[in-house]
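Undergrad: If it helps, the file is called model.csv and holds CSV, C-alpha atoms:
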chain,number,residue,atom,x,y,z
A,1,MET,CA,0.0,0.0,0.0
A,2,GLN,CA,2.8,2.4,0.8
A,3,ASN,CA,4.5,1.7,-2.5
A,4,GLN,CA,1.3,2.3,-4.3
A,5,ALA,CA,0.7,5.6,-2.4
A,6,ALA,CA,4.3,6.7,-3.3
A,7,VAL,CA,3.7,6.0,-7.0
A,8,THR,CA,0.4,7.9,-6.9
A,9,MET,CA,2.1,10.9,-5.3
A,10,LYS,CA,4.9,10.8,-7.8
A,11,ASN,CA,2.4,10.7,-10.7
A,12,LYS,CA,0.4,13.6,-9.2
A,13,TRP,CA,3.6,15.6,-8.8
A,14,PHE,CA,4.6,14.9,-12.4
A,15,GLU,CA,1.2,15.7,-13.9
A,16,GLU,CA,1.1,19.0,-12.0
A,17,ARG,CA,4.4,20.0,-13.7
A,18,ARG,CA,3.7,18.3,-17.0
A,19,SER,CA,3.3,21.7,-18.9
A,20,LEU,CA,6.7,22.8,-17.6
A,21,PHE,CA,8.3,19.5,-18.7
A,22,VAL,CA,6.8,19.8,-22.2
A,23,LYS,CA,8.3,23.3,-22.4
A,24,ASN,CA,11.7,22.0,-21.3
A,25,MET,CA,11.4,19.2,-23.9
A,26,LEU,CA,10.9,21.8,-26.7
A,27,LYS,CA,13.9,23.8,-25.5
A,28,GLU,CA,16.0,20.6,-25.3
A,29,PHE,CA,14.8,19.6,-28.8
A,30,TYR,CA,15.8,23.0,-30.2
A,31,ASP,CA,19.3,22.7,-28.6
A,32,THR,CA,19.8,19.1,-29.9
A,33,PHE,CA,18.4,19.9,-33.4
A,34,THR,CA,20.7,23.0,-33.6
A,35,VAL,CA,23.8,21.0,-32.6
A,36,PHE,CA,23.1,18.1,-34.9
A,37,GLY,CA,22.3,20.6,-37.7
A,38,GLU,CA,25.8,22.1,-37.4
A,39,ILE,CA,27.3,18.6,-37.5
A,40,TYR,CA,25.2,17.6,-40.5
A,41,THR,CA,26.0,20.8,-42.4
A,42,HIS,CA,29.7,20.2,-41.9
A,43,TYR,CA,29.3,16.6,-43.0
A,44,ILE,CA,27.5,17.7,-46.2
A,45,SER,CA,30.3,20.2,-47.0
A,46,TYR,CA,33.3,18.0,-46.1
A,47,GLN,CA,32.1,14.4,-46.0
A,48,GLU,CA,33.5,14.0,-42.5
A,49,VAL,CA,32.1,13.7,-39.0
A,50,SER,CA,34.1,14.6,-35.8
A,51,PHE,CA,34.1,11.9,-33.1
A,52,GLU,CA,34.5,14.7,-30.5
A,53,GLN,CA,31.3,16.4,-31.6
A,54,ILE,CA,29.2,13.2,-31.7
A,55,ASP,CA,30.6,12.2,-28.3
A,56,LYS,CA,29.6,15.6,-26.9
A,57,LEU,CA,26.2,15.4,-28.5
A,58,ILE,CA,25.5,12.1,-26.7
A,59,GLY,CA,27.5,12.5,-23.5
A,60,LYS,CA,27.8,9.7,-20.9
A,61,GLU,CA,25.8,8.3,-18.0
A,62,SER,CA,27.5,10.6,-15.5
A,63,GLU,CA,27.3,13.7,-17.8
A,64,LYS,CA,24.6,13.3,-20.3
A,65,GLY,CA,24.7,15.4,-23.5
A,66,VAL,CA,21.7,17.2,-25.0
A,67,LEU,CA,20.6,14.2,-27.1
A,68,TRP,CA,20.7,11.8,-24.1
A,69,ARG,CA,18.7,14.3,-22.0
A,70,LEU,CA,16.1,14.8,-24.8
A,71,LYS,CA,15.7,11.1,-25.2
A,72,ASP,CA,15.1,10.7,-21.4
A,73,ARG,CA,12.7,13.6,-21.4
A,74,CYS,CA,10.5,12.2,-24.2
A,75,HIS,CA,10.6,8.8,-22.5
A,76,GLN,CA,9.5,10.5,-19.2
A,77,LEU,CA,6.6,12.3,-20.9
A,78,TRP,CA,5.2,9.7,-23.3
A,79,ARG,CA,6.4,6.2,-22.3
A,80,ASP,CA,3.1,5.4,-20.6
A,81,ALA,CA,0.9,7.9,-22.5
A,82,ASN,CA,-2.4,6.7,-24.1
A,83,PRO,CA,-1.7,6.3,-27.8
A,84,GLU,CA,-5.3,7.3,-28.6
A,85,HIS,CA,-4.9,10.8,-27.1
A,86,GLU,CA,-1.1,11.4,-27.5
A,87,MET,CA,-0.1,9.5,-30.6
A,88,SER,CA,2.3,12.3,-31.8
A,89,GLY,CA,4.0,12.2,-28.4
A,90,ARG,CA,4.3,8.4,-28.4
A,91,LEU,CA,5.8,8.5,-31.9
A,92,LEU,CA,8.2,11.3,-31.0
A,93,ASP,CA,9.4,9.2,-28.0
A,94,TRP,CA,9.9,6.3,-30.4
A,95,VAL,CA,11.8,8.4,-33.0
A,96,MET,CA,14.0,10.1,-30.4
A,97,GLY,CA,14.9,6.7,-28.9
A,98,SER,CA,15.8,5.4,-32.4
A,99,ILE,CA,17.9,8.5,-33.1
A,100,PHE,CA,19.7,8.0,-29.8
A,101,HIS,CA,20.6,4.4,-30.6
A,102,GLU,CA,21.6,5.2,-34.2
A,103,THR,CA,23.9,7.9,-32.9
A,104,MET,CA,25.5,5.5,-30.5
A,105,LYS,CA,26.3,3.2,-33.3
A,106,LEU,CA,27.5,6.1,-35.4
A,107,LYS,CA,29.8,7.1,-32.6
A,108,GLU,CA,31.4,3.6,-32.5
A,109,ASN,CA,31.9,3.6,-36.3
A,110,ILE,CA,33.5,7.1,-36.2
A,111,TYR,CA,35.8,6.0,-33.4
A,112,MET,CA,37.0,3.0,-35.5
A,113,PHE,CA,37.4,5.1,-38.6
A,114,GLN,CA,39.1,8.1,-37.1
A,115,PHE,CA,41.6,6.3,-34.8
A,116,TYR,CA,42.3,3.1,-36.7
A,117,GLY,CA,41.9,4.2,-40.3
A,118,PRO,CA,45.4,5.8,-40.6
A,119,LEU,CA,46.9,2.6,-39.1
A,120,ALA,CA,45.2,0.4,-41.7
A,121,GLU,CA,46.4,2.7,-44.5
A,122,SER,CA,50.0,2.6,-43.3
A,123,MET,CA,50.0,-1.2,-43.0
A,124,LYS,CA,49.6,-1.5,-46.8
A,125,LYS,CA,53.1,-0.1,-47.2
A,126,GLU,CA,54.8,-2.8,-45.0
A,127,ASN,CA,56.0,-6.3,-45.8
A,128,SER,CA,53.8,-8.9,-47.5
A,129,THR,CA,52.2,-10.4,-44.4
A,130,VAL,CA,51.5,-7.0,-42.8
A,131,LYS,CA,50.5,-5.6,-46.2
A,132,PHE,CA,47.9,-8.4,-46.7
A,133,CYS,CA,46.4,-7.5,-43.3
A,134,GLY,CA,46.5,-3.8,-44.2
A,135,VAL,CA,44.5,-4.4,-47.4
A,136,GLU,CA,41.9,-6.3,-45.5
A,137,CYS,CA,41.7,-3.7,-42.8
A,138,GLN,CA,41.4,-1.0,-45.4
A,139,LYS,CA,38.5,-2.8,-46.9
A,140,PHE,CA,36.9,-2.9,-43.5
A,141,MET,CA,37.5,0.8,-43.1
A,142,GLU,CA,35.9,1.5,-46.4
A,143,ARG,CA,32.8,-0.4,-45.3
A,144,THR,CA,32.8,1.4,-42.0
A,145,TYR,CA,32.9,4.8,-43.8
A,146,GLN,CA,30.0,3.7,-46.0
A,147,GLU,CA,28.1,2.9,-42.8
A,148,ILE,CA,28.9,6.3,-41.4
A,149,GLN,CA,27.5,7.9,-44.5
A,150,LYS,CA,24.4,5.9,-44.4
A,151,GLN,CA,23.9,6.6,-40.7
A,152,MET,CA,24.3,10.3,-41.2
A,153,GLU,CA,21.7,10.3,-43.9
A,154,ASN,CA,19.4,8.2,-41.7
A,155,LEU,CA,19.8,10.6,-38.8
A,156,GLY,CA,19.1,13.6,-41.0
A,157,PHE,CA,15.8,12.0,-42.1
A,158,MET,CA,14.9,10.9,-38.6
A,159,PHE,CA,15.6,14.4,-37.1
A,160,GLY,CA,13.3,15.8,-39.8
A,161,ARG,CA,10.6,13.3,-38.9
A,162,ALA,CA,11.0,14.2,-35.2
A,163,ASN,CA,10.7,17.9,-36.0
A,164,PHE,CA,7.5,17.2,-38.0
A,165,LEU,CA,6.0,15.3,-35.1
A,166,LEU,CA,6.9,18.0,-32.6
A,167,ARG,CA,5.1,20.6,-34.9
A,168,ALA,CA,2.1,18.3,-35.2
A,169,MET,CA,1.6,18.2,-31.5
A,170,MET,CA,1.6,22.0,-31.0
A,171,PRO,CA,-2.2,22.4,-31.4
A,172,ASP,CA,-2.7,19.9,-28.6
A,173,GLN,CA,-0.6,22.2,-26.4
A,174,ALA,CA,-3.0,25.2,-26.7
A,175,HIS,CA,-3.7,24.9,-22.9
A,176,ASN,CA,0.0,25.0,-22.0
A,177,ASP,CA,0.5,28.6,-20.9
A,178,ILE,CA,4.1,28.0,-19.9
A,179,LEU,CA,4.9,26.6,-23.4
A,180,VAL,CA,3.1,29.5,-25.1
A,181,ARG,CA,5.0,32.0,-23.0
A,182,TYR,CA,8.3,30.3,-24.1
A,183,LEU,CA,7.3,30.5,-27.7
A,184,ILE,CA,6.5,34.2,-27.4
A,185,GLU,CA,9.8,34.9,-25.7
A,186,ASN,CA,11.7,32.8,-28.3
A,187,GLU,CA,10.0,33.5,-31.6
A,188,ASP,CA,13.2,32.7,-33.5
A,189,ILE,CA,12.8,29.0,-32.4
A,190,VAL,CA,9.5,28.8,-34.4
A,191,ASP,CA,11.2,30.2,-37.4
A,192,TYR,CA,14.3,27.9,-37.1
A,193,LEU,CA,12.4,24.7,-36.5
A,194,TRP,CA,9.3,25.1,-38.7
A,195,ASN,CA,10.1,28.0,-41.0
A,196,GLU,CA,7.0,29.9,-40.0
A,197,ARG,CA,6.0,33.0,-38.1
A,198,LEU,CA,4.6,32.7,-34.6
A,199,ASP,CA,1.2,34.2,-35.7
A,200,ALA,CA,0.9,31.3,-38.2
A,201,LEU,CA,1.5,28.8,-35.5
A,202,PHE,CA,-1.0,30.5,-33.2
A,203,ASP,CA,-3.5,30.5,-36.0
A,204,GLU,CA,-3.5,26.8,-35.8
A,205,MET,CA,-3.3,26.4,-32.1
A,206,PHE,CA,-6.0,29.0,-31.3
A,207,ALA,CA,-9.1,30.5,-33.0
A,208,SER,CA,-7.0,33.6,-33.6
A,209,PRO,CA,-3.4,34.7,-32.8
A,210,GLU,CA,-4.4,37.1,-30.1
A,211,GLU,CA,-5.8,34.3,-28.0
A,212,GLY,CA,-2.3,32.9,-27.7
A,213,TYR,CA,-1.0,36.2,-26.4
A,214,CYS,CA,-3.9,36.6,-24.0
A,215,LEU,CA,-3.2,33.1,-22.6
A,216,ALA,CA,0.4,34.0,-22.0
A,217,ALA,CA,-0.5,37.5,-20.6
A,218,LYS,CA,-3.0,35.9,-18.2
A,219,SER,CA,-0.2,33.5,-17.0
A,220,TYR,CA,2.1,36.4,-16.4
A,221,LEU,CA,-0.6,38.2,-14.5
A,222,GLU,CA,-1.3,35.2,-12.3
A,223,GLY,CA,2.4,35.1,-11.5
A,224,GLN,CA,2.4,38.9,-10.7
A,225,TRP,CA,4.7,39.7,-13.6
A,226,TYR,CA,2.7,42.8,-14.3
A,227,GLN,CA,5.0,44.4,-16.8
A,228,GLN,CA,5.3,41.3,-19.0
A,229,ALA,CA,1.5,40.9,-18.7
A,230,LEU,CA,0.9,44.4,-19.9
A,231,GLU,CA,3.4,44.1,-22.8
A,232,THR,CA,1.8,40.8,-23.9
A,233,TYR,CA,-1.8,42.1,-23.7
A,234,SER,CA,-0.6,45.1,-25.7
A,235,ILE,CA,0.6,42.7,-28.5
A,236,ALA,CA,-2.7,40.9,-28.3
A,237,LEU,CA,-4.5,44.2,-28.8
A,238,LYS,CA,-2.4,45.0,-31.8
A,239,LYS,CA,-3.4,41.7,-33.3
A,240,ASN,CA,-7.1,42.4,-32.6
A,241,PRO,CA,-8.1,45.9,-31.5
A,242,ALA,CA,-11.5,44.5,-30.6
A,243,SER,CA,-10.2,42.0,-28.0
A,244,LYS,CA,-12.2,42.6,-24.9
A,245,GLU,CA,-9.9,40.6,-22.7
A,246,ALA,CA,-6.9,42.6,-23.8
A,247,LEU,CA,-8.7,45.9,-23.4
A,248,GLN,CA,-10.0,45.2,-19.9
A,249,ASN,CA,-6.8,43.8,-18.5
A,250,ILE,CA,-4.6,46.6,-20.0
A,251,GLU,CA,-6.8,49.1,-18.1
A,252,SER,CA,-6.4,47.1,-14.9
A,253,LEU,CA,-2.7,46.8,-15.3
A,254,ARG,CA,-2.3,50.5,-16.0
A,255,ALA,CA,-4.2,51.2,-12.8
A,256,ILE,CA,-2.0,48.9,-10.8
A,257,HIS,CA,1.1,50.6,-12.3
A,258,GLN,CA,-0.3,54.1,-11.5
A,259,ASN,CA,-1.1,53.1,-7.9
A,260,SER,CA,2.4,51.7,-7.5
A,261,LYS,CA,3.9,55.0,-8.7
A,262,GLU,CA,1.8,57.0,-6.3
A,263,LYS,CA,2.8,54.9,-3.3
A,264,GLN,CA,6.5,55.5,-4.1
Would you write out, as structure tokens, the structure that this file holds?

TA:
Amino acid sequence: MQNQAAVTMKNKWFEERRSLFVKNMLKEFYDTFTVFGEIYTHYISYQEVSFEQIDKLIGKESEKGVLWRLKDRCHQLWRDANPEHEMSGRLLDWVMGSIFHETMKLKENIYMFQFYGPLAESMKKENSTVKFCGVECQKFMERTYQEIQKQMENLGFMFGRANFLLRAMMPDQAHNDILVRYLIENEDIVDYLWNERLDALFDEMFASPEEGYCLAAKSYLEGQWYQQALETYSIALKKNPASKEALQNIESLRAIHQNSKEKQ
């Protein structure tokens, strides 16, 4: 009974913070996507992949890299999710797990190629016995390099698929005021990941863009961040000058600001 109660408390604690964890997942995805994008761009230009960069991307058990943390976060969020209600999340968890394992295999191949490839090449110049071994080792290295190329192409495709799934789940996060605030504060992420403006994203998430700004402004207001609330409601009013919620709250916030000045 005690174990069951502990599990129930843990689940309740997690669900109460789920919106925050989804926001953190988006940030971690952006960080991971950006790092891999730099690695992939370099690979396309020079047909080479640095072991050090892949090693840093993954990290280790005691010091996890951005990819490892993202994989864990997706697993935390969607491992036990109902596929009928959170299919995009379940698929994203699956794809990120696949990306992680493919990158681990890539790391092993790059290590072999980067550190033992030169040795295999030099062995071809030695005596007949060593030369024979060198030729065979060189063939192995050629196959390893082909595997590296294939793995990089696979990872490029899989990251694209993960990004697509992340975008697909955004409308289901219309209730997540923490995530919406993060998107407003980091509009460049929307452009980088999905090549669209924030208003276009809000058009799909809400009935109209100003609703997204009003949701974020209300969240700021509840947290007593009055200046951020005023600024965000002002943006909502620019999007829709007839927004009653924005008009009413702007007046209230200006009154709060005026009273604060008079007390000083």

Undergrad: Might you pull out every residue within 10 Å of Leu183 in chain A, with only C-alpha atoms counted and same-chain residues fewer than 5 positions away left off, and present them as a PyMOL selection string?

TA: chain A and resi 23+26-27+177-178+188-190+198+201-202+212+216

Undergrad: Selection from above, C-alpha atoms, as a PDB file, in the coordinates of the input, can you write it?

TA:
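Okay, part_23.pdb is ready:
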ATOM      1  CA  LYS A  23       8.300  23.300 -22.400  1.00  0.00           C
ATOM      2  CA  LEU A  26      10.900  21.800 -26.700  1.00  0.00           C
ATOM      3  CA  LYS A  27      13.900  23.800 -25.500  1.00  0.00           C
ATOM      4  CA  ASP A 177       0.500  28.600 -20.900  1.00  0.00           C
ATOM      5  CA  ILE A 178       4.100  28.000 -19.900  1.00  0.00           C
ATOM      6  CA  ASP A 188      13.200  32.700 -33.500  1.00  0.00           C
ATOM      7  CA  ILE A 189      12.800  29.000 -32.400  1.00  0.00           C
ATOM      8  CA  VAL A 190       9.500  28.800 -34.400  1.00  0.00           C
ATOM      9  CA  LEU A 198       4.600  32.700 -34.600  1.00  0.00           C
ATOM     10  CA  LEU A 201       1.500  28.800 -35.500  1.00  0.00           C
ATOM     11  CA  PHE A 202      -1.000  30.500 -33.200  1.00  0.00           C
ATOM     12  CA  GLY A 212      -2.300  32.900 -27.700  1.00  0.00           C
ATOM     13  CA  ALA A 216       0.400  34.000 -22.000  1.00  0.00           C
TER      14      ALA A 216
END

Undergrad: Gln173 in chain A: which residues within 8 Å, counting only C-alpha atoms, same-chain residues fewer than 4 positions away excluded, as number ranges by chain?

TA: A: 169, 179, 205

Undergrad: Need the shell around Phe206 in chain A: protein/DNA/RNA residues with any atom at most 12 Å away, counting all atoms listed in the file. Skip same-chain ones fewer than 3 positions apart. Format as a list in words?

TA: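 Listing them by chain and then by number gives Met170, Pro171, Asp172, Gln173, Ala174, His175, Asn176, Val180, Leu198, Asp199, Ala200, Leu201, Phe202, Asp203, Pro209, Glu210, Glu211, Gly212, Tyr213, Cys214 and Leu215 of chain A.
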
Undergrad: Between A:Thr144, A:Thr41, A:Gln149, A:Asn24, which residue has the minimum interatomic distance to Asp72 in chain A, considering all atoms listed in the file?

TA: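 With all atoms listed in the file as the atom set, the closest residue is A:Asn24.
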
Undergrad: Could you tell me how far CA of Leu57 in chain A lies from CA of Thr103 in chain A, in Å and to one decimal?

TA: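 Distance between the two atoms: 9.0 Å.
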
Undergrad: Would you please work out which residue, of A:Met152, A:Ser219, A:Glu245, A:Asp80, is nearest to Gly37 in chain A when using all atoms listed in the file?

TA: A:Met152

Undergrad: Using only C-alpha atoms and a cutoff of 12 Å, can you tell me which residues are near (13.5, 20.1, -16.0) in the file's coordinates, and write them out as a PDB file with C-alpha atoms, in the frame of the given file?

TA:
ATOM      1  CA  PHE A  14       4.600  14.900 -12.400  1.00  0.00           C
ATOM      2  CA  ARG A  17       4.400  20.000 -13.700  1.00  0.00           C
ATOM      3  CA  ARG A  18       3.700  18.300 -17.000  1.00  0.00           C
ATOM      4  CA  SER A  19       3.300  21.700 -18.900  1.00  0.00           C
ATOM      5  CA  LEU A  20       6.700  22.800 -17.600  1.00  0.00           C
ATOM      6  CA  PHE A  21       8.300  19.500 -18.700  1.00  0.00           C
ATOM      7  CA  VAL A  22       6.800  19.800 -22.200  1.00  0.00           C
ATOM      8  CA  LYS A  23       8.300  23.300 -22.400  1.00  0.00           C
ATOM      9  CA  ASN A  24      11.700  22.000 -21.300  1.00  0.00           C
ATOM     10  CA  MET A  25      11.400  19.200 -23.900  1.00  0.00           C
ATOM     11  CA  LEU A  26      10.900  21.800 -26.700  1.00  0.00           C
ATOM     12  CA  LYS A  27      13.900  23.800 -25.500  1.00  0.00           C
ATOM     13  CA  GLU A  28      16.000  20.600 -25.300  1.00  0.00           C
ATOM     14  CA  ARG A  69      18.700  14.300 -22.000  1.00  0.00           C
ATOM     15  CA  LEU A  70      16.100  14.800 -24.800  1.00  0.00           C
ATOM     16  CA  ASP A  72      15.100  10.700 -21.400  1.00  0.00           C
ATOM     17  CA  ARG A  73      12.700  13.600 -21.400  1.00  0.00           C
ATOM     18  CA  CYS A  74      10.500  12.200 -24.200  1.00  0.00           C
ATOM     19  CA  GLN A  76       9.500  10.500 -19.200  1.00  0.00           C
ATOM     20  CA  LEU A  77       6.600  12.300 -20.900  1.00  0.00           C
TER      21      LEU A  77
END

Undergrad: I need the residue nearest His75 in chain A from this list: A:Glu153, A:Lys56, A:Met87, A:Gly97. Use only C-alpha atoms for the distance.

TA: A:Gly97

Undergrad: In Å, how far is it from CA of Val95 in chain A to CA of Tyr40 in chain A?

TA: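 Between CA of Val95 in chain A and CA of Tyr40 in chain A the gap works out to 17.9 Å.
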
Undergrad: Would you mind telling me which residue in A:Glu61, A:Glu204, A:Glu108, A:Glu15 lies nearest to Arg167 in chain A when using only C-alpha atoms?

TA: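 Nearest to Arg167 in chain A: A:Glu204.
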
Undergrad: Check the smallest atom-to-atom distance from each of A:Leu91, A:Leu106, A:Ala246, A:Ala81 to Val49 in chain A using all atoms listed in the file, then report the winner.

TA: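 The shortest atom-to-atom distance to Val49 in chain A comes from A:Leu106.
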
Undergrad: For CA of Leu237 in chain A and CA of Glu196 in chain A, determine how far apart the two atoms are, in Å to one decimal place.

TA: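 That distance, rounded to one decimal, is 21.5 Å.
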
Undergrad: His101 in chain A: which residues within 12 Å, counting only C-alpha atoms, same-chain residues fewer than 2 positions away excluded, as a list in words?

TA: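 After dropping sequence-adjacent residues, the list is Ile58, Leu67, Trp68, Lys71, Trp94, Val95, Met96, Gly97, Ser98, Ile99, Thr103, Met104, Lys105, Leu106, Lys107, Glu108, Gln151, Asn154, Leu155 and Met158 of chain A.
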
Undergrad: Between A:Gln114, A:Asn240, A:Asn82, A:Ser62, which has the minimum distance to Ser208 in chain A (counting only C-alpha atoms)?

TA: A:Asn240

Undergrad: Env of Tyr116 in chain A: 10 Å cut, atoms = only C-alpha atoms, seq-sep filter 6 positions within chain, self excluded. Answer as number ranges by chain.

TA: A: 110, 137-138, 141

Undergrad: Can you sort out range 188-215 of chain A so it carries N, CA and C atoms, written as a short mmCIF file (atom, residue, chain, number, x, y, z; two decimals), keeping the file's coordinate frame?

TA:
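The resulting file, out-v2.cif, is shown below:
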data_model
loop_
_atom_site.label_atom_id
_atom_site.label_comp_id
_atom_site.auth_asym_id
_atom_site.auth_seq_id
_atom_site.Cartn_x
_atom_site.Cartn_y
_atom_site.Cartn_z
N ASP A 188 12.27 33.16 -32.51
CA ASP A 188 13.20 32.70 -33.50
C ASP A 188 13.26 31.13 -33.54
N ILE A 189 12.86 30.48 -32.45
CA ILE A 189 12.80 29.00 -32.40
C ILE A 189 11.75 28.51 -33.41
N VAL A 190 10.60 29.19 -33.44
CA VAL A 190 9.50 28.80 -34.40
C VAL A 190 10.00 28.93 -35.79
N ASP A 191 10.71 30.00 -36.10
CA ASP A 191 11.20 30.20 -37.40
C ASP A 191 12.28 29.16 -37.79
N TYR A 192 13.17 28.87 -36.85
CA TYR A 192 14.30 27.90 -37.10
C TYR A 192 13.77 26.51 -37.31
N LEU A 193 12.87 26.07 -36.43
CA LEU A 193 12.40 24.70 -36.50
C LEU A 193 11.42 24.45 -37.63
N TRP A 194 10.45 25.37 -37.79
CA TRP A 194 9.30 25.10 -38.70
C TRP A 194 9.19 26.09 -39.83
N ASN A 195 10.13 27.05 -39.89
CA ASN A 195 10.10 28.00 -41.00
C ASN A 195 8.79 28.72 -41.14
N GLU A 196 8.25 29.17 -40.01
CA GLU A 196 7.00 29.90 -40.00
C GLU A 196 6.99 30.96 -38.94
N ARG A 197 6.10 31.91 -39.07
CA ARG A 197 6.00 33.00 -38.10
C ARG A 197 5.12 32.48 -36.91
N LEU A 198 5.32 33.11 -35.75
CA LEU A 198 4.60 32.70 -34.60
C LEU A 198 3.07 32.88 -34.76
N ASP A 199 2.66 33.95 -35.45
CA ASP A 199 1.20 34.20 -35.70
C ASP A 199 0.62 33.01 -36.48
N ALA A 200 1.37 32.46 -37.42
CA ALA A 200 0.90 31.30 -38.20
C ALA A 200 0.68 30.10 -37.33
N LEU A 201 1.61 29.90 -36.41
CA LEU A 201 1.50 28.80 -35.50
C LEU A 201 0.28 28.99 -34.55
N PHE A 202 0.11 30.21 -34.04
CA PHE A 202 -1.00 30.50 -33.20
C PHE A 202 -2.36 30.42 -33.91
N ASP A 203 -2.33 30.69 -35.19
CA ASP A 203 -3.50 30.50 -36.00
C ASP A 203 -4.06 29.12 -35.96
N GLU A 204 -3.13 28.18 -35.89
CA GLU A 204 -3.50 26.80 -35.80
C GLU A 204 -3.80 26.31 -34.42
N MET A 205 -3.10 26.86 -33.45
CA MET A 205 -3.30 26.40 -32.10
C MET A 205 -4.55 27.03 -31.45
N PHE A 206 -4.91 28.24 -31.90
CA PHE A 206 -6.00 29.00 -31.30
C PHE A 206 -7.02 29.40 -32.40
N ALA A 207 -8.15 29.96 -31.97
CA ALA A 207 -9.10 30.50 -33.00
C ALA A 207 -8.54 31.67 -33.70
N SER A 208 -7.66 32.42 -33.02
CA SER A 208 -7.00 33.60 -33.60
C SER A 208 -5.72 33.84 -32.84
N PRO A 209 -4.71 34.48 -33.48
CA PRO A 209 -3.40 34.70 -32.80
C PRO A 209 -3.47 35.37 -31.48
N GLU A 210 -4.37 36.39 -31.33
CA GLU A 210 -4.40 37.10 -30.10
C GLU A 210 -4.72 36.28 -28.88
N GLU A 211 -5.43 35.16 -29.11
CA GLU A 211 -5.80 34.30 -28.00
C GLU A 211 -4.52 33.67 -27.37
N GLY A 212 -3.52 33.39 -28.18
CA GLY A 212 -2.30 32.90 -27.70
C GLY A 212 -1.57 33.90 -26.78
N TYR A 213 -1.57 35.16 -27.23
CA TYR A 213 -1.00 36.20 -26.40
C TYR A 213 -1.74 36.49 -25.16
N CYS A 214 -3.06 36.41 -25.24
CA CYS A 214 -3.90 36.60 -24.00
C CYS A 214 -3.65 35.48 -23.02
N LEU A 215 -3.50 34.25 -23.50
CA LEU A 215 -3.20 33.10 -22.60
C LEU A 215 -1.89 33.36 -21.87
#
